[in-house]
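Asks: Below: one structure in structure tokens.
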Amino acid sequence: MKYIHRDVAVFKFNLKDLEDWRDSSSDSLPIKSFISFYEACGITNKIQEIKESENKNDIIPFDNLLCNSFTLSAIKNFIERQWKIYSLDIDSNNHVFWKNDQYVHQKHYAKKLSARIKSCLTLDFMHYCPGTDDDLEDYEIVLRLFDKVDTDEETSEGINDENEPISNLVM
């Protein structure tokens with residue numbers, strides 16, 4: 001048995017167009033994390049549609065998102081910049097909110113990030129960033145699913161029927 005992959009959805013985006021996006025909650029926060037980035041690009045809704053239409057409730061969708069290395073770096077830098085140009089803060093319960101300063105709900109000059117915000121952004125990156133496939137185009141994210149395929153030959157390349165290596169290398 002082996003797995004083959006198929007690209008179910010391709011999402012192209014322009015970071016400049018996403019700078020002014022606001023979430024639909026009462027706080028109307030800008031893009032602040034990879035999850036809100038996925039919401040802004042329509043990825044979250046499409047994943048839900050695909051899970052329902054293909055009865056794929058066993059997939060972990062954020063593990064199936066891919067982009068190239070350039071795009072991953074661009075998204076990471078974009079999210080960090082959003083924190084710098086908007087007056088956002090995060091509390092001890094990881095709730096993001098607007099700071100009550102002179103720049104509430106509007107862009108301003110880029111400020112330096114606090115150590116707490118940097119660490120939260122690093123954790124967000126580690127947990128929710130897409131995987132990389134450098135064959136993809138710039139500014140494109142792909143949702144890739146894997147399907148089991150039964151094969152006539154149950155042995156893997158380089159392995160014989162007794163699950164021992166075919167060639168023994170001497171070192």
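Ordering of the structure tokens sets the chain letters (A, B, ...); residue numbers start at 1 within each chain; ligands are numbered from 1 in the order shown.
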What are the DSSP strand (DSSP E or B) residues of chain A, as number ranges by chain?
Replies: A: 2-12, 65-67, 88-90, 96-98, 131-132, 140-149, 159, 165
Asks: Can I get the selection written as a CSV table (one decimal), in the first residue's frame, with N, CA and C atoms?
Replies:
chain,number,residue,atom,x,y,z
A,2,LYS,N,0.5,2.2,-0.8
A,2,LYS,CA,1.3,3.5,-0.8
A,2,LYS,C,0.3,4.6,-0.8
A,3,TYR,N,0.8,5.8,-0.7
A,3,TYR,CA,0.0,7.0,-0.7
A,3,TYR,C,0.4,7.9,-1.9
A,4,ILE,N,-0.6,8.5,-2.5
A,4,ILE,CA,-0.4,9.5,-3.5
A,4,ILE,C,-1.0,10.8,-3.0
A,5,HIS,N,-0.5,11.9,-3.5
A,5,HIS,CA,-1.0,13.1,-3.1
A,5,HIS,C,-1.8,13.8,-4.2
A,6,ARG,N,-2.7,14.6,-3.8
A,6,ARG,CA,-3.4,15.5,-4.8
A,6,ARG,C,-3.7,16.8,-4.2
A,7,ASP,N,-3.5,17.9,-5.0
A,7,ASP,CA,-3.8,19.2,-4.5
A,7,ASP,C,-5.2,19.5,-4.7
A,8,VAL,N,-5.9,19.7,-3.6
A,8,VAL,CA,-7.4,19.9,-3.6
A,8,VAL,C,-7.7,21.3,-3.9
A,9,ALA,N,-7.0,22.3,-3.3
A,9,ALA,CA,-7.3,23.7,-3.5
A,9,ALA,C,-6.0,24.5,-3.5
A,10,VAL,N,-6.0,25.5,-4.4
A,10,VAL,CA,-4.8,26.4,-4.5
A,10,VAL,C,-5.3,27.8,-4.1
A,11,PHE,N,-4.6,28.5,-3.2
A,11,PHE,CA,-5.0,29.8,-2.8
A,11,PHE,C,-3.9,30.8,-3.2
A,12,LYS,N,-4.2,31.7,-4.0
A,12,LYS,CA,-3.2,32.8,-4.4
A,12,LYS,C,-3.6,34.1,-3.6
A,65,LEU,N,-1.3,22.0,4.5
A,65,LEU,CA,-1.0,23.2,3.8
A,65,LEU,C,0.4,23.3,3.4
A,66,LEU,N,0.7,23.7,2.2
A,66,LEU,CA,2.1,23.9,1.7
A,66,LEU,C,2.3,25.1,0.9
A,67,CYS,N,3.5,25.7,1.0
A,67,CYS,CA,3.9,26.8,0.2
A,67,CYS,C,5.4,26.7,-0.1
A,88,LEU,N,-1.4,46.5,18.9
A,88,LEU,CA,-2.0,45.3,19.5
A,88,LEU,C,-1.2,44.8,20.7
A,89,ASP,N,-1.9,44.1,21.6
A,89,ASP,CA,-1.2,43.5,22.7
A,89,ASP,C,-1.8,42.1,23.0
A,90,ILE,N,-1.1,41.4,23.8
A,90,ILE,CA,-1.6,40.0,24.2
A,90,ILE,C,-1.5,39.9,25.7
A,96,VAL,N,-5.7,38.4,22.3
A,96,VAL,CA,-5.2,39.6,21.6
A,96,VAL,C,-6.2,40.7,21.6
A,97,PHE,N,-5.8,41.9,21.9
A,97,PHE,CA,-6.7,43.0,22.0
A,97,PHE,C,-6.0,44.3,21.5
A,98,TRP,N,-6.8,45.3,21.3
A,98,TRP,CA,-6.3,46.6,20.9
A,98,TRP,C,-5.7,47.3,22.2
A,131,GLY,N,3.7,23.8,5.5
A,131,GLY,CA,4.9,23.1,5.2
A,131,GLY,C,5.5,23.7,3.9
A,132,THR,N,6.6,23.2,3.5
A,132,THR,CA,7.3,23.8,2.3
A,132,THR,C,7.4,22.8,1.2
A,140,GLU,N,1.4,31.6,-3.0
A,140,GLU,CA,0.5,30.5,-3.3
A,140,GLU,C,0.5,29.5,-2.2
A,141,ILE,N,-0.6,29.1,-1.7
A,141,ILE,CA,-0.7,28.1,-0.6
A,141,ILE,C,-1.6,27.0,-1.2
A,142,VAL,N,-1.2,25.7,-1.0
A,142,VAL,CA,-1.9,24.6,-1.6
A,142,VAL,C,-2.4,23.7,-0.4
A,143,LEU,N,-3.6,23.2,-0.5
A,143,LEU,CA,-4.1,22.2,0.4
A,143,LEU,C,-3.9,20.8,-0.3
A,144,ARG,N,-3.0,20.0,0.3
A,144,ARG,CA,-2.7,18.7,-0.3
A,144,ARG,C,-3.2,17.6,0.6
A,145,LEU,N,-4.0,16.7,-0.1
A,145,LEU,CA,-4.4,15.5,0.6
A,145,LEU,C,-3.7,14.3,0.1
A,146,PHE,N,-3.7,13.3,1.0
A,146,PHE,CA,-3.0,12.0,0.6
A,146,PHE,C,-4.0,10.9,0.6
A,147,ASP,N,-4.0,10.1,-0.4
A,147,ASP,CA,-5.0,9.0,-0.5
A,147,ASP,C,-4.2,7.6,-0.6
A,148,LYS,N,-4.8,6.6,0.1
A,148,LYS,CA,-4.2,5.3,0.1
A,148,LYS,C,-4.4,4.7,-1.3
A,149,VAL,N,-3.4,4.0,-1.8
A,149,VAL,CA,-3.6,3.3,-3.1
A,149,VAL,C,-3.1,1.9,-2.8
A,159,ILE,N,13.7,-3.3,-0.6
A,159,ILE,CA,13.5,-4.2,0.5
A,159,ILE,C,12.9,-5.5,-0.1
A,165,PRO,N,17.3,-5.6,3.9
A,165,PRO,CA,17.9,-4.9,2.8
A,165,PRO,C,18.4,-5.8,1.7
Asks: DSSP on the backbone: which residues in chain A end up as alpha helix (DSSP H)? Give the answer as a PyMOL selection string.
Replies: chain A and resi 15-18+34-41+43-53+69-85+115-128
Asks: Mind dumping the selected residues with N, CA and C atoms as a compact mmCIF listing (two decimals), in the first residue's frame?
Replies:
# COMPACT_ATOMS: atom_id res chain seq x y z
N LEU A 15 -0.22 40.14 -0.45
CA LEU A 15 -0.06 40.61 0.93
C LEU A 15 -0.48 42.07 1.09
N LYS A 16 -0.27 42.88 0.09
CA LYS A 16 -0.65 44.29 0.16
C LYS A 16 -2.17 44.43 0.35
N ASP A 17 -2.93 43.56 -0.34
CA ASP A 17 -4.39 43.59 -0.21
C ASP A 17 -4.87 43.13 1.17
N LEU A 18 -4.06 42.32 1.84
CA LEU A 18 -4.46 41.77 3.14
C LEU A 18 -4.11 42.68 4.32
N PHE A 34 -1.18 33.07 12.02
CA PHE A 34 -1.38 32.26 10.82
C PHE A 34 -2.85 31.88 10.66
N ILE A 35 -3.54 31.61 11.76
CA ILE A 35 -4.96 31.25 11.67
C ILE A 35 -5.77 32.41 11.09
N SER A 36 -5.54 33.62 11.56
CA SER A 36 -6.28 34.75 11.00
C SER A 36 -5.85 35.02 9.56
N PHE A 37 -4.60 34.72 9.22
CA PHE A 37 -4.15 34.83 7.83
C PHE A 37 -4.93 33.85 6.96
N TYR A 38 -5.09 32.61 7.44
CA TYR A 38 -5.85 31.61 6.70
C TYR A 38 -7.31 32.04 6.54
N GLU A 39 -7.88 32.65 7.57
CA GLU A 39 -9.25 33.16 7.48
C GLU A 39 -9.35 34.25 6.42
N ALA A 40 -8.40 35.17 6.42
CA ALA A 40 -8.42 36.29 5.48
C ALA A 40 -8.30 35.82 4.04
N CYS A 41 -7.57 34.75 3.82
CA CYS A 41 -7.37 34.22 2.45
C CYS A 41 -8.49 33.28 2.02
N ILE A 43 -8.96 30.30 3.29
CA ILE A 43 -8.49 28.93 3.41
C ILE A 43 -9.30 28.16 4.44
N THR A 44 -9.62 28.77 5.57
CA THR A 44 -10.36 28.10 6.63
C THR A 44 -11.73 27.62 6.15
N ASN A 45 -12.45 28.48 5.45
CA ASN A 45 -13.77 28.09 4.94
C ASN A 45 -13.67 26.97 3.91
N LYS A 46 -12.68 27.05 3.03
CA LYS A 46 -12.50 26.02 2.00
C LYS A 46 -12.14 24.68 2.62
N ILE A 47 -11.31 24.69 3.66
CA ILE A 47 -10.96 23.45 4.35
C ILE A 47 -12.21 22.80 4.93
N GLN A 48 -13.06 23.60 5.53
CA GLN A 48 -14.30 23.06 6.11
C GLN A 48 -15.18 22.47 5.03
N GLU A 49 -15.31 23.13 3.89
CA GLU A 49 -16.09 22.60 2.76
C GLU A 49 -15.54 21.26 2.30
N ILE A 50 -14.22 21.18 2.16
CA ILE A 50 -13.58 19.96 1.68
C ILE A 50 -13.75 18.82 2.68
N LYS A 51 -13.59 19.12 3.96
CA LYS A 51 -13.77 18.09 4.98
C LYS A 51 -15.18 17.51 4.92
N GLU A 52 -16.17 18.37 4.71
CA GLU A 52 -17.55 17.90 4.65
C GLU A 52 -17.86 17.18 3.35
N SER A 53 -17.42 17.72 2.22
CA SER A 53 -17.77 17.12 0.93
C SER A 53 -17.05 15.80 0.68
N SER A 69 9.37 28.20 0.16
CA SER A 69 10.13 28.84 1.24
C SER A 69 10.03 30.36 1.21
N PHE A 70 10.05 30.94 0.01
CA PHE A 70 9.93 32.39 -0.13
C PHE A 70 8.59 32.86 0.42
N THR A 71 7.52 32.18 0.06
CA THR A 71 6.18 32.56 0.50
C THR A 71 6.05 32.40 2.01
N LEU A 72 6.61 31.33 2.57
CA LEU A 72 6.56 31.13 4.01
C LEU A 72 7.25 32.28 4.75
N SER A 73 8.40 32.67 4.26
CA SER A 73 9.13 33.79 4.86
C SER A 73 8.34 35.09 4.72
N ALA A 74 7.73 35.29 3.56
CA ALA A 74 6.94 36.52 3.33
C ALA A 74 5.74 36.59 4.27
N ILE A 75 5.05 35.46 4.49
CA ILE A 75 3.90 35.45 5.40
C ILE A 75 4.35 35.71 6.83
N LYS A 76 5.42 35.07 7.24
CA LYS A 76 5.94 35.26 8.60
C LYS A 76 6.31 36.73 8.83
N ASN A 77 7.01 37.32 7.89
CA ASN A 77 7.38 38.74 8.01
C ASN A 77 6.16 39.65 7.97
N PHE A 78 5.17 39.29 7.18
CA PHE A 78 3.93 40.07 7.09
C PHE A 78 3.22 40.10 8.45
N ILE A 79 3.09 38.93 9.08
CA ILE A 79 2.40 38.87 10.37
C ILE A 79 3.17 39.66 11.43
N GLU A 80 4.49 39.55 11.45
CA GLU A 80 5.29 40.34 12.39
C GLU A 80 5.09 41.83 12.13
N ARG A 81 5.05 42.22 10.88
CA ARG A 81 4.87 43.63 10.55
C ARG A 81 3.50 44.13 11.01
N GLN A 82 2.49 43.29 10.89
CA GLN A 82 1.15 43.67 11.35
C GLN A 82 1.20 44.04 12.84
N TRP A 83 1.94 43.28 13.62
CA TRP A 83 2.06 43.58 15.05
C TRP A 83 2.82 44.87 15.28
N LYS A 84 3.72 45.20 14.37
CA LYS A 84 4.51 46.42 14.53
C LYS A 84 3.72 47.67 14.15
N ILE A 85 2.87 47.57 13.13
CA ILE A 85 2.19 48.78 12.63
C ILE A 85 0.80 48.99 13.21
N ALA A 115 9.34 41.22 23.90
CA ALA A 115 9.82 39.83 23.96
C ALA A 115 8.64 38.86 24.04
N ARG A 116 7.60 39.23 24.77
CA ARG A 116 6.41 38.37 24.89
C ARG A 116 5.74 38.17 23.54
N ILE A 117 5.56 39.23 22.80
CA ILE A 117 4.92 39.13 21.48
C ILE A 117 5.80 38.33 20.53
N LYS A 118 7.11 38.54 20.57
CA LYS A 118 8.02 37.77 19.71
C LYS A 118 7.90 36.28 20.01
N SER A 119 7.87 35.92 21.28
CA SER A 119 7.77 34.51 21.62
C SER A 119 6.42 33.91 21.22
N CYS A 120 5.36 34.69 21.36
CA CYS A 120 4.04 34.21 20.93
C CYS A 120 4.00 34.02 19.42
N LEU A 121 4.61 34.92 18.68
CA LEU A 121 4.66 34.78 17.22
C LEU A 121 5.50 33.57 16.81
N THR A 122 6.56 33.31 17.54
CA THR A 122 7.38 32.13 17.25
C THR A 122 6.58 30.85 17.49
N LEU A 123 5.85 30.78 18.59
CA LEU A 123 5.02 29.62 18.86
C LEU A 123 3.92 29.46 17.80
N ASP A 124 3.31 30.55 17.41
CA ASP A 124 2.29 30.50 16.36
C ASP A 124 2.90 29.96 15.07
N PHE A 125 4.08 30.43 14.73
CA PHE A 125 4.77 29.97 13.53
C PHE A 125 5.04 28.47 13.62
N MET A 126 5.54 28.01 14.75
CA MET A 126 5.86 26.60 14.91
C MET A 126 4.63 25.70 14.81
N HIS A 127 3.50 26.15 15.31
CA HIS A 127 2.31 25.32 15.34
C HIS A 127 1.47 25.39 14.06
N TYR A 128 1.41 26.52 13.40
CA TYR A 128 0.43 26.71 12.35
C TYR A 128 0.96 27.08 10.97
Asks: Could you tell me how far atom CA of A:Asp20 lies from atom CA of A:Lys107, in Å and to one decimal?
Replies: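 Between atom CA of A:Asp20 and atom CA of A:Lys107 the gap is 9.1 Å.
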Asks: Report, in Å with one decimal, the straight-line distance from atom CA of A:Lys111 to atom CA of A:Ser92.
Replies: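 Taking atom CA of A:Lys111 as the start and atom CA of A:Ser92 as the end point, the length is 20.9 Å.
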Asks: With a distance cut-off of 9 Å and only C-alpha atoms, select the neighbouring residues of A:Leu29, excluding the residue or stretch itself and same-chain residues fewer than 2 positions from it, and output the selection as a PyMOL selection string.
Replies: chain A and resi 21-27+31-32+88+96-98+105
